[in-house]
>>> print(open('entry_35.cif').read())   # mmCIF, C-alpha atoms, pLDDT in the B column; chains and numbers go by the auth columns
data_coords
loop_
_atom_site.group_PDB
_atom_site.id
_atom_site.type_symbol
_atom_site.label_atom_id
_atom_site.label_comp_id
_atom_site.label_asym_id
_atom_site.label_seq_id
_atom_site.Cartn_x
_atom_site.Cartn_y
_atom_site.Cartn_z
_atom_site.B_iso_or_equiv
_atom_site.auth_seq_id
_atom_site.auth_asym_id
ATOM 1 C CA MET A 1 0.000 0.000 0.000 95.00 697 A
ATOM 2 C CA GLN A 2 1.461 3.311 -1.096 93.00 698 A
ATOM 3 C CA LEU A 3 1.087 5.995 1.545 94.00 699 A
ATOM 4 C CA PHE A 4 2.834 8.903 -0.119 95.00 700 A
ATOM 5 C CA ALA A 5 3.951 10.040 -3.565 96.00 701 A
ATOM 6 C CA ARG A 6 5.451 13.342 -4.648 96.00 702 A
ATOM 7 C CA ASP A 7 5.896 14.716 -8.143 98.00 703 A
ATOM 8 C CA TYR A 8 8.132 17.504 -9.368 98.00 704 A
ATOM 9 C CA LYS A 9 7.562 18.915 -12.835 99.00 705 A
ATOM 10 C CA ILE A 10 10.170 21.226 -14.327 99.00 706 A
ATOM 11 C CA SER A 11 10.092 23.171 -17.570 98.00 707 A
ATOM 12 C CA ILE A 12 12.462 25.813 -18.870 98.00 708 A
ATOM 13 C CA ASP A 13 11.377 28.218 -21.583 97.00 709 A
ATOM 14 C CA HIS A 14 13.224 30.910 -23.501 96.00 710 A
ATOM 15 C CA THR A 15 10.856 33.824 -22.975 88.00 711 A
ATOM 16 C CA ASP A 16 12.904 37.015 -23.192 87.00 712 A
ATOM 17 C CA GLU A 17 16.240 38.081 -24.643 88.00 713 A
ATOM 18 C CA ASN A 18 18.956 36.338 -22.603 93.00 714 A
ATOM 19 C CA VAL A 19 16.393 35.070 -20.047 97.00 715 A
ATOM 20 C CA PHE A 20 14.932 31.662 -19.277 98.00 716 A
ATOM 21 C CA THR A 21 11.729 31.158 -17.318 98.00 717 A
ATOM 22 C CA VAL A 22 12.105 28.203 -14.967 98.00 718 A
ATOM 23 C CA ASN A 23 8.863 26.604 -13.805 99.00 719 A
ATOM 24 C CA CYS A 24 8.843 24.002 -11.053 99.00 720 A
ATOM 25 C CA SER A 25 5.754 22.483 -9.518 99.00 721 A
ATOM 26 C CA LEU A 26 5.581 20.195 -6.516 98.00 722 A
ATOM 27 C CA SER A 27 2.491 18.151 -5.850 98.00 723 A
ATOM 28 C CA ASP A 28 1.660 15.499 -3.301 97.00 724 A
ATOM 29 C CA SER A 29 -1.215 14.746 -0.931 96.00 725 A
ATOM 30 C CA LEU A 30 -0.295 17.757 1.231 96.00 726 A
ATOM 31 C CA HIS A 31 1.100 20.279 -1.259 98.00 727 A
ATOM 32 C CA ASN A 32 0.482 21.950 -4.580 98.00 728 A
ATOM 33 C CA LEU A 33 3.176 24.586 -5.118 98.00 729 A
ATOM 34 C CA ILE A 34 4.209 26.371 -8.312 99.00 730 A
ATOM 35 C CA LEU A 35 7.527 28.251 -8.459 99.00 731 A
ATOM 36 C CA THR A 36 8.372 30.471 -11.437 99.00 732 A
ATOM 37 C CA GLN A 37 11.768 32.153 -11.709 98.00 733 A
ATOM 38 C CA LYS A 38 13.391 34.346 -14.348 98.00 734 A
ATOM 39 C CA VAL A 39 17.075 33.500 -14.775 98.00 735 A
ATOM 40 C CA THR A 40 19.679 35.035 -17.089 97.00 736 A
ATOM 41 C CA ILE A 41 21.211 32.657 -19.621 94.00 737 A
ATOM 42 C CA GLU A 42 24.756 34.058 -19.736 89.00 738 A
ATOM 43 C CA LYS A 43 26.389 33.920 -16.300 90.00 739 A
ATOM 44 C CA PRO A 44 23.169 32.518 -14.769 95.00 740 A
ATOM 45 C CA ARG A 45 21.624 34.805 -12.161 97.00 741 A
ATOM 46 C CA ILE A 46 18.120 34.855 -10.683 98.00 742 A
ATOM 47 C CA LEU A 47 16.296 38.018 -11.718 98.00 743 A
ATOM 48 C CA SER A 48 12.936 37.405 -10.059 98.00 744 A
ATOM 49 C CA GLY A 49 10.774 34.695 -8.602 98.00 745 A
ATOM 50 C CA GLN A 50 7.195 33.974 -7.718 98.00 746 A
ATOM 51 C CA LEU A 51 5.660 31.168 -5.655 98.00 747 A
ATOM 52 C CA LYS A 52 2.020 30.212 -5.779 98.00 748 A
ATOM 53 C CA VAL A 53 0.819 28.159 -2.800 98.00 749 A
ATOM 54 C CA ILE A 54 -2.314 26.403 -3.992 98.00 750 A
ATOM 55 C CA LYS A 55 -2.408 23.731 -1.302 97.00 751 A
ATOM 56 C CA ALA A 56 -0.314 23.364 1.859 96.00 752 A
ATOM 57 C CA PRO A 57 -0.604 21.571 5.201 95.00 753 A
ATOM 58 C CA ASN A 58 -0.928 24.811 7.170 95.00 754 A
ATOM 59 C CA GLU A 59 -2.523 28.167 6.381 95.00 755 A
ATOM 60 C CA ARG A 60 0.705 29.924 7.458 95.00 756 A
ATOM 61 C CA CYS A 61 2.419 28.300 4.469 96.00 757 A
ATOM 62 C CA LYS A 62 0.742 30.931 2.269 96.00 758 A
ATOM 63 C CA GLN A 63 3.347 33.375 3.674 96.00 759 A
ATOM 64 C CA LEU A 64 5.984 31.454 1.716 97.00 760 A
ATOM 65 C CA GLU A 65 4.838 33.333 -1.381 98.00 761 A
ATOM 66 C CA LEU A 66 6.964 36.265 -0.156 97.00 762 A
ATOM 67 C CA LEU A 67 10.228 34.289 -0.016 97.00 763 A
ATOM 68 C CA PRO A 68 11.376 33.852 -3.649 98.00 764 A
ATOM 69 C CA GLU A 69 12.355 37.527 -3.890 97.00 765 A
ATOM 70 C CA ARG A 70 15.126 36.758 -1.381 98.00 766 A
ATOM 71 C CA LEU A 71 16.934 35.010 -4.228 98.00 767 A
ATOM 72 C CA ASN A 72 16.874 37.983 -6.609 98.00 768 A
ATOM 73 C CA GLY A 73 20.416 38.667 -7.819 98.00 769 A
ATOM 74 C CA LEU A 74 21.784 35.297 -6.688 98.00 770 A
ATOM 75 C CA THR A 75 24.201 33.736 -9.184 96.00 771 A
ATOM 76 C CA ILE A 76 24.141 30.043 -9.983 94.00 772 A
ATOM 77 C CA ASP A 77 27.698 29.010 -9.258 88.00 773 A
ATOM 78 C CA LYS A 78 29.748 27.636 -6.386 85.00 774 A
ATOM 79 C CA GLY A 79 28.025 28.445 -3.110 93.00 775 A
ATOM 80 C CA PHE A 80 24.545 28.477 -4.679 96.00 776 A
ATOM 81 C CA THR A 81 23.201 25.573 -2.603 96.00 777 A
ATOM 82 C CA LYS A 82 24.326 27.068 0.699 98.00 778 A
ATOM 83 C CA ALA A 83 22.940 30.487 -0.229 98.00 779 A
ATOM 84 C CA VAL A 84 19.531 29.008 -1.118 98.00 780 A
ATOM 85 C CA ILE A 85 19.385 27.077 2.159 98.00 781 A
ATOM 86 C CA ASP A 86 20.396 30.187 4.127 98.00 782 A
ATOM 87 C CA LYS A 87 17.803 32.403 2.412 97.00 783 A
ATOM 88 C CA LEU A 88 14.845 30.003 2.200 97.00 784 A
ATOM 89 C CA GLY A 89 15.385 27.381 4.894 96.00 785 A
ATOM 90 C CA GLY A 90 15.015 27.233 8.640 94.00 786 A
ATOM 91 C CA ALA A 91 12.115 28.193 10.881 94.00 787 A
ATOM 92 C CA GLY A 92 11.109 31.134 8.678 94.00 788 A
ATOM 93 C CA GLY A 93 11.310 29.186 5.443 96.00 789 A
ATOM 94 C CA CYS A 94 10.394 25.869 3.890 97.00 790 A
ATOM 95 C CA VAL A 95 12.494 22.842 3.024 97.00 791 A
ATOM 96 C CA ASN A 96 10.144 22.088 0.125 97.00 792 A
ATOM 97 C CA LEU A 97 10.777 25.509 -1.412 98.00 793 A
ATOM 98 C CA VAL A 98 14.534 24.995 -0.949 98.00 794 A
ATOM 99 C CA ASN A 99 14.268 21.649 -2.731 98.00 795 A
ATOM 100 C CA MET A 100 12.217 23.130 -5.578 98.00 796 A
ATOM 101 C CA VAL A 101 14.857 25.782 -6.237 98.00 797 A
ATOM 102 C CA LEU A 102 17.763 23.345 -5.998 98.00 798 A
ATOM 103 C CA VAL A 103 16.181 20.768 -8.297 98.00 799 A
ATOM 104 C CA SER A 104 15.151 23.267 -10.986 98.00 800 A
ATOM 105 C CA VAL A 105 17.228 26.447 -11.230 97.00 801 A
ATOM 106 C CA PRO A 106 20.664 24.827 -11.792 94.00 802 A
ATOM 107 C CA LEU A 107 19.206 23.157 -14.900 96.00 803 A
ATOM 108 C CA VAL A 108 19.541 26.565 -16.569 96.00 804 A
ATOM 109 C CA ILE A 109 23.224 25.749 -16.980 93.00 805 A
ATOM 110 C CA ASN A 110 22.512 22.547 -18.928 92.00 806 A
ATOM 111 C CA THR A 111 19.670 24.155 -20.862 95.00 807 A
ATOM 112 C CA SER A 112 21.938 27.009 -21.964 94.00 808 A
ATOM 113 C CA TRP A 113 24.123 24.534 -23.872 92.00 809 A
ATOM 114 C CA LEU A 114 21.050 23.296 -25.770 94.00 810 A
ATOM 115 C CA TYR A 115 19.990 26.883 -26.400 94.00 811 A
ATOM 116 C CA TYR A 116 23.438 27.794 -27.754 93.00 812 A
ATOM 117 C CA ALA A 117 23.421 24.753 -30.053 93.00 813 A
ATOM 118 C CA HIS A 118 19.916 25.558 -31.283 92.00 814 A
ATOM 119 C CA THR A 119 20.621 29.232 -31.962 93.00 815 A
ATOM 120 C CA GLY A 120 24.117 28.759 -33.367 93.00 816 A
ATOM 121 C CA LYS A 121 25.360 31.512 -31.060 90.00 817 A
ATOM 122 C CA TYR A 122 28.509 29.521 -30.333 93.00 818 A
ATOM 123 C CA SER A 123 30.381 26.803 -32.193 94.00 819 A
ATOM 124 C CA PHE A 124 30.184 23.259 -30.910 93.00 820 A
ATOM 125 C CA GLN A 125 33.685 23.474 -29.430 95.00 821 A
ATOM 126 C CA GLU A 126 32.871 26.798 -27.742 94.00 822 A
ATOM 127 C CA ILE A 127 29.784 25.210 -26.170 93.00 823 A
ATOM 128 C CA LYS A 128 31.861 22.310 -24.850 91.00 824 A
ATOM 129 C CA ASN A 129 34.373 24.788 -23.395 91.00 825 A
ATOM 130 C CA ILE A 130 31.545 26.736 -21.717 90.00 826 A
ATOM 131 C CA GLU A 131 30.159 23.457 -20.379 89.00 827 A
ATOM 132 C CA LYS A 132 33.500 22.474 -18.872 88.00 828 A
ATOM 133 C CA GLN A 133 34.067 25.932 -17.404 86.00 829 A
ATOM 134 C CA GLN A 134 30.634 25.994 -15.763 85.00 830 A
ATOM 135 C CA MET A 135 30.745 22.437 -14.421 86.00 831 A
ATOM 136 C CA SER A 136 34.415 21.980 -13.512 85.00 832 A
ATOM 137 C CA GLY A 137 34.720 20.693 -9.970 82.00 833 A
ATOM 138 C CA LEU A 138 30.961 20.587 -9.372 79.00 834 A
ATOM 139 C CA CYS A 139 30.408 16.883 -9.991 81.00 835 A
ATOM 140 C CA LEU A 140 32.193 13.627 -10.781 88.00 836 A
ATOM 141 C CA GLY A 141 31.728 14.019 -14.522 86.00 837 A
ATOM 142 C CA TYR A 142 33.664 17.291 -14.589 86.00 838 A
ATOM 143 C CA PRO A 143 36.789 17.007 -12.437 88.00 839 A
ATOM 144 C CA PRO A 144 38.658 20.287 -11.943 85.00 840 A
ATOM 145 C CA ASP A 145 41.741 21.141 -13.956 73.00 841 A
ATOM 146 C CA THR A 146 41.409 18.447 -16.615 66.00 842 A
ATOM 147 C CA ALA A 147 41.692 18.830 -20.359 64.00 843 A
ATOM 148 C CA LEU A 148 38.549 18.750 -22.450 58.00 844 A
ATOM 149 C CA GLU A 149 38.030 15.155 -23.574 53.00 845 A
ATOM 150 C CA SER A 150 37.437 15.702 -27.285 49.00 846 A
ATOM 151 C CA GLU A 151 37.100 11.993 -27.973 40.00 847 A
ATOM 152 C CA ASN A 152 33.915 11.912 -25.862 48.00 848 A
ATOM 153 C CA ILE A 153 32.316 14.802 -27.731 45.00 849 A
ATOM 154 C CA SER A 154 29.848 14.094 -30.494 45.00 850 A
ATOM 155 C CA THR A 155 27.038 15.809 -32.300 45.00 851 A
ATOM 156 C CA LYS A 156 23.906 14.308 -33.742 46.00 852 A
ATOM 157 C CA GLY A 157 21.478 16.355 -35.747 47.00 853 A
ATOM 158 C CA GLY A 158 22.917 19.626 -34.432 48.00 854 A
ATOM 159 C CA GLU A 159 22.371 18.609 -30.808 48.00 855 A
ATOM 160 C CA VAL A 160 25.075 18.531 -28.188 46.00 856 A
ATOM 161 C CA ASN A 161 25.547 15.006 -26.795 43.00 857 A
#
>>> encode(input="entry_35.cif", output="structure tokens")
Amino acid sequence: MQLFARDYKISIDHTDENVFTVNCSLSDSLHNLILTQKVTIEKPRILSGQLKVIKAPNERCKQLELLPERLNGLTIDKGFTKAVIDKLGGAGGCVNLVNMVLVSVPLVINTSWLYYAHTGKYSFQEIKNIEKQQMSGLCLGYPPDTALESENISTKGGEVN
């Protein structure tokens, strides 16, 4: 017997010049939350955010709608996770809102590579260099201070793989 299930839905749209709109919804038996944030594409930075609390376990949770503006101006780079936790977590915040931001906003980095490939703004090699620069030292797949592994780079139908 399943007692609990939670779904996150994330979409990223190119809506304005040099800006993505990041939408993240969280739904489960206790919550229905929709977070929308505007994030710059180049040197990703949060411009604005809005939270809609449709359903929550406590009426005080509606106050969370004021919190996304705390992230305005925050860049998505090293230290981002800690900054989000500091600004949105704790007794005056919400762990679910923290999780929504952390699961959705960093995807702007990956989405920018697809955007660059689609628009032809940068060459394939330039995109791979941007990718390495942005991800170096942030996860196992991108160790710091290593050469770009050209033999692992391929394109298929104009997409970056």
>>> atom_distance(input="entry_35.cif", atom1="atom CA of Ser744 of chain A", atom2="atom CA of Ser725 of chain A")
28.2 Å
>>> axis_aligned_box(input="entry_35.cif", around="segment 720-729 of chain A", padding_each_side="3 Å", output="lines of an AutoDock Vina configuration file")
center_x = 3.8
center_y = 19.7
center_z = -4.9
size_x = 16.1
size_y = 15.8
size_z = 18.3
>>> closest_atom_pairs(input="entry_35.cif", of="segment 707-804 of chain A", to="segment 820-836 of chain A", cutoff="12 Å", atoms="all atoms listed in the file", output="JSON lines")
{"residue": "A:Glu738", "atom": "CA", "partner": "A:Ile826", "partner_atom": "CA", "distance": 10.2}
{"residue": "A:Lys739", "atom": "CA", "partner": "A:Gln830", "partner_atom": "CA", "distance": 9.0}
{"residue": "A:Pro740", "atom": "CA", "partner": "A:Gln830", "partner_atom": "CA", "distance": 10.0}
{"residue": "A:Ile772", "atom": "CA", "partner": "A:Gln830", "partner_atom": "CA", "distance": 9.6}
{"residue": "A:Asp773", "atom": "CA", "partner": "A:Gln830", "partner_atom": "CA", "distance": 7.7}
{"residue": "A:Lys774", "atom": "CA", "partner": "A:Leu834", "partner_atom": "CA", "distance": 7.8}
{"residue": "A:Gly775", "atom": "CA", "partner": "A:Leu834", "partner_atom": "CA", "distance": 10.5}
{"residue": "A:Phe776", "atom": "CA", "partner": "A:Leu834", "partner_atom": "CA", "distance": 11.2}
{"residue": "A:Thr777", "atom": "CA", "partner": "A:Leu834", "partner_atom": "CA", "distance": 11.4}
{"residue": "A:Pro802", "atom": "CA", "partner": "A:Met831", "partner_atom": "CA", "distance": 10.7}
{"residue": "A:Leu803", "atom": "CA", "partner": "A:Met831", "partner_atom": "CA", "distance": 11.6}
{"residue": "A:Val804", "atom": "CA", "partner": "A:Gln830", "partner_atom": "CA", "distance": 11.1}
>>> closest_residue(input="entry_35.cif", among="A:Asn768, A:Thr736, A:Ser723, A:Asn728", to="Thr807 of chain A", atoms="only C-alpha atoms")
A:Thr736
>>> residues_near_point(input="entry_35.cif", point="(0.2, 17.1, 2.5)", cutoff="10 Å", atoms="all atoms listed in the file", output="MDAnalysis selection string")
chainID A and resid 700 702 723:728 751:754
